[in-house]
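Following: one structure in structure tokens, then a few remarks.
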Protein chains: 2
Amino acid sequence: MTGKLRISDVAKHAGVSPATVSRVMNGNPKVDPGLVARVQAAAEELGYTASPLARSLALGKTQTITVLVPDLGNPTFQGVLRTLSRSAAADGYHVLVADSAEVAADEASLAVDARRRTDGIVLVAPRMADDELDALLPRLAPAVLVNRPPHESAPVVAADYAGGLRELIEHLHDLGHRHILFLAGVPGSASNARRLAAIAGARADHPDLVLDEAACGTGFADGAAAVDAVRGSGATAVLAYNDLVAMGLLSALHDAGIAVPADVSVTGFDGIPFAPYTTPPLTTAAVPTDRMGERAWAAMRALLDGDDAPSPEVFAPVLAVRGSTAPPRA
Amino acid sequence: MTGKLRISDVAKHAGVSPATVSRVMNGNPKVDPGLVARVQAAAEELGYTASPLARSLALGKTQTITVLVPDLGNPTFQGVLRTLSRSAAADGYHVLVADSAEVAADEASLAVDARRRTDGIVLVAPRMADDELDALLPRLAPAVLVNRPPHESAPVVAADYAGGLRELIEHLHDLGHRHILFLAGVPGSASNARRLAAIAGARADHPDLVLDEAACGTGFADGAAAVDAVRGSGATAVLAYNDLVAMGLLSALHDAGIAVPADVSVTGFDGIPFAPYTTPPLTTAAVPTDRMGERAWAAMRALLDGDDAPSPEVFAPVLAVRGSTAPPRA
DNA sequence: ATGAAAGCGCTAACAC
DNA sequence: GTGTTAGCGCTTTCAT
């Protein structure tokens, strides 16, 4: 009853031309009501649905967009992808996902390739360098950037990392901490650079604060491995690069018999779903991935509709104070 | 330099017919080497790449498959999706994702719709009832099922939930526990039913074991909310529906001043990346989502290549014993 | 209002 | 070997 029927089959069955069937299927108003009914009945009876492929070719639109992420396993990207996907679906669009597996060198070709089979692309936290991105964007338009600094050739939806870090530092400072250790991410990365800049800014704001940095990484294991650096630093509070690092550290500190927050306070960054459930619950700066995914889709939708490119949207992370931070030991 | 060139542009530029360009682009062996070079040079110079859309229509293949998941935010599905996506990409295939947002009633139409624009579909832990699935599968072929019991009309890649649960129970029994509480998932769901069956089986195996059940759920909050049920049960060990529930419970137990594993042992299920980093680290049955994603792709690939449908692959979860379980208090 | 025909861009059968 | 032609299935002028 189903399967490989073409529009001409329906046309024959209804005794009309393929053009009329097409018009009916697309709700073209100027078709005789009688024919509309006949055609709809025929389509219904045969179980016909237009081939999306053929429509795409004829229309030059696929009703699909690409979302390129550095790692489908990263909770932060998942949050964005999830909402983006649902928002797009609500508007009748489909989502093609591409995972660069954190290999910056592959991003460009993956993006170009995927973009060609879709109507637009959302680049989530692309790892490539600025100049490469600049050169690439024109070839990808319409494109939307998530978590990259405002850019002229594409709408941007980003979290204010510097602001979030600042809030976290302010929080620790208010609690009385005067010696904080920042566990940095991947050395050359853009996001790490931005956070380091924020750290530098905080140092300027608080002359009474000792703000150390230690190389670390971005995953659980990196956080766990930082336990010695933390112990040796003499800091009373640790600003982990993200929640994953914080969780790894929390776990290692527990094993080492170092109490949190009694002996040392720990903060994360991102506000992943697990943060409230660590022991102790993690104080973090929650990045609103849901709203970001939704806004990224809105921006893409605007581009697709030929509207003006939306201006950059920067979201302030929300400070979530939980049990992992407290005043330093007197 | 790029953009809307058609195959005829290249043909003209190289002084050959479109057919020849097509042959060259597809590496057809019987083309004069001289022409091959000329065409390649022309394509290169113009920056030409064949339109995937037009190719798809002509070939009847899109080089894309659909992966339908109940929730893009669920760590278990993410694991499968991630590996599946990378495996497919390694074979030159693209992945379209669809998220049913846990609404079983929407799965069928989402699947049919997405399937029409791709070459096949992988249904990850579909929530729909068996009879609905039976009726749907023929319309979706080629299709692969992940985490559903072996089925005749589609290859299946699944985790052995009953086996995993059995191992967990065996582990607790060996430790000396004789009163265990199982925190069940969503009442009507297929996966919950399977686990309940495994629980029943374990009761038969161990007449000396009291195995209680309590309604719970599948998320953090559900686990946290179960703390009273746990306390009131008198059980010395808790078998949480999954790792999320276990984490929620661990957190709530900690807040309630109930020590794990001293006062009560807790186990999870799934082996999500966070499991080793909870406090205490979570004993769980680790489902090999990586291998499952890879095998799901292999099965799909076989179907796509017209090979025989692979037989069901059931993966035994790996017992990961960590700090959340210990002998009961004497 | 409806149908005939051209075209979206490519591939494959069929001739030469 | 290479070009010509006919689709793949739909939409959309352009006539009528």
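Labels for the structure tokens follow display order: chains A, B, ..., residues from 1 in each chain, ligands from 1.
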### Query
chain B residues within 6 Å of chain C, counting only C-alpha atoms (C1' of nucleotides): which ones, as a PyMOL selection string?
chain B and resi 54-55+58
Can I get the selection written as a PDB file, in the first residue's frame, with N, CA and C atoms?
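result.pdb was written with the following content:
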```
ATOM      1  N   ALA B  54      21.245  16.287  -5.976  1.00  0.00           N
ATOM      2  CA  ALA B  54      20.979  15.746  -7.313  1.00  0.00           C
ATOM      3  C   ALA B  54      21.481  14.309  -7.406  1.00  0.00           C
ATOM      4  N   ARG B  55      22.630  14.080  -6.809  1.00  0.00           N
ATOM      5  CA  ARG B  55      23.171  12.723  -6.834  1.00  0.00           C
ATOM      6  C   ARG B  55      22.222  11.785  -6.109  1.00  0.00           C
ATOM      7  N   ALA B  58      19.246  10.950  -8.222  1.00  0.00           N
ATOM      8  CA  ALA B  58      19.577  10.074  -9.346  1.00  0.00           C
ATOM      9  C   ALA B  58      19.935   8.663  -8.879  1.00  0.00           C
TER      10      ALA B  58
END
```
### Query
Please, which residues of chain B lie no more than 8 Å from chain A when the count uses only C-alpha atoms, and can they be set out as an MDAnalysis selection string?
chainID B and resid 51:54 56:57 71:73 78:79 81:82 85:86 94:99 114 116:117 139 220 247:248 250:251 254 277:281
### Task
Skip Glu152 in chain B itself and residues of its chain fewer than 5 positions away, then list as a ChimeraX atom specification all residues within 10 Å of it, counting only C-alpha atoms (C1' of nucleotides).
/B:134,137,309,311-312
Give me, as JSON lines, the closest atom pair and its distance (Å, one decimal) for every residue of chain D within a cut-off of 9 Å of chain A, counting only C-alpha atoms (C1' of nucleotides), rows sorted by chain and rising number.
```
{"residue": "D:DC8", "atom": "C1'", "partner": "A:Ala54", "partner_atom": "CA", "distance": 7.9}
{"residue": "D:DG9", "atom": "C1'", "partner": "A:Ala54", "partner_atom": "CA", "distance": 5.0}
{"residue": "D:DC10", "atom": "C1'", "partner": "A:Arg55", "partner_atom": "CA", "distance": 5.1}
{"residue": "D:DT11", "atom": "C1'", "partner": "A:Ala58", "partner_atom": "CA", "distance": 5.9}
{"residue": "D:DT12", "atom": "C1'", "partner": "A:Ala19", "partner_atom": "CA", "distance": 8.6}
```
Output N, CA, C and O atoms (P, O5', C5', C4', C3', O3' and C1' of nucleotides) for every residue in the selection just made, as a short mmCIF file (atom, residue, chain, number, x, y, z; two decimals), in the first residue's frame.
```cif
data_model
loop_
_atom_site.label_atom_id
_atom_site.label_comp_id
_atom_site.auth_asym_id
_atom_site.auth_seq_id
_atom_site.Cartn_x
_atom_site.Cartn_y
_atom_site.Cartn_z
P DC D 8 11.95 7.37 -13.81
"O5'" DC D 8 12.76 7.95 -12.58
"C5'" DC D 8 13.76 7.21 -11.92
"C4'" DC D 8 14.35 8.09 -10.83
"C3'" DC D 8 13.28 8.93 -10.13
"O3'" DC D 8 12.88 8.26 -8.95
"C1'" DC D 8 15.25 10.24 -10.68
P DG D 9 11.32 7.87 -8.79
"O5'" DG D 9 10.64 9.24 -8.36
"C5'" DG D 9 10.99 9.85 -7.14
"C4'" DG D 9 10.46 11.26 -7.12
"C3'" DG D 9 8.97 11.41 -7.39
"O3'" DG D 9 8.42 12.16 -6.34
"C1'" DG D 9 10.19 12.93 -8.69
P DC D 10 6.95 12.61 -6.27
"O5'" DC D 10 7.11 14.18 -6.42
"C5'" DC D 10 7.83 14.87 -5.43
"C4'" DC D 10 8.30 16.21 -5.94
"C3'" DC D 10 7.19 17.22 -6.18
"O3'" DC D 10 7.26 18.23 -5.18
"C1'" DC D 10 8.79 17.21 -7.95
P DT D 11 6.11 19.28 -5.06
"O5'" DT D 11 6.65 20.46 -5.98
"C5'" DT D 11 7.85 21.11 -5.60
"C4'" DT D 11 8.20 22.16 -6.63
"C3'" DT D 11 7.19 23.29 -6.78
"O3'" DT D 11 7.95 24.49 -6.86
"C1'" DT D 11 7.64 22.34 -8.88
P DT D 12 7.27 25.88 -6.62
"O5'" DT D 12 7.24 26.49 -8.09
"C5'" DT D 12 8.45 26.50 -8.85
"C4'" DT D 12 8.14 26.85 -10.28
"C3'" DT D 12 7.01 27.87 -10.43
"O3'" DT D 12 7.38 28.80 -11.43
"C1'" DT D 12 6.55 26.00 -11.75
#
```
#### Entry: Filtered DSSP result for range 144-312 of chain A, state alpha helix (DSSP H), as a PyMOL selection string
chain A and resi 161-175+190-205+220-225+227-233+243-255+289-304
### Query
Mind pulling up the distance from CA of Leu239 in chain B to CA of Ala193 in chain B?
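These atoms are spaced 15.3 Å apart.
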### Picked from range 73-161 of chain B by DSSP as strand (DSSP E), as a list of chain:residue names
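Residues meeting the strand (DSSP E) criterion: B:His94, B:Val95, B:Leu96, B:Val97, B:Ala98, B:Asp99, B:Ile121, B:Val122, B:Leu123, B:Val124, B:Ala143, B:Val144, B:Leu145, B:Val146, B:Val156, B:Val157, B:Ala158, B:Ala159.
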### Query
What is the distance between CA of Asn147 in chain B and CA of Gly219 in chain B, in Å to one decimal?
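For CA of Asn147 in chain B relative to CA of Gly219 in chain B, the distance reads 18.6 Å.
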### Query
Can you list, as a PyMOL selection string, every protein, DNA or RNA residue that comes within 6 Å of Ala286 in chain B when you count only C-alpha atoms (C1' of nucleotides), leaving out same-chain residues fewer than 3 positions away?
chain B and resi 270-271+317-318
#### Entry: Within 6 Å of range 157-166 of chain A using only C-alpha atoms (C1' of nucleotides), minus same-chain residues under 4 positions, as a PyMOL selection string
chain A and resi 146-147+170+195+198+285+312-317
#### Entry: Straight-line distance linking CA of Ile180 in chain B with CA of Ala237 in chain B, stated in Å to one decimal
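It comes out at 4.9 Å.
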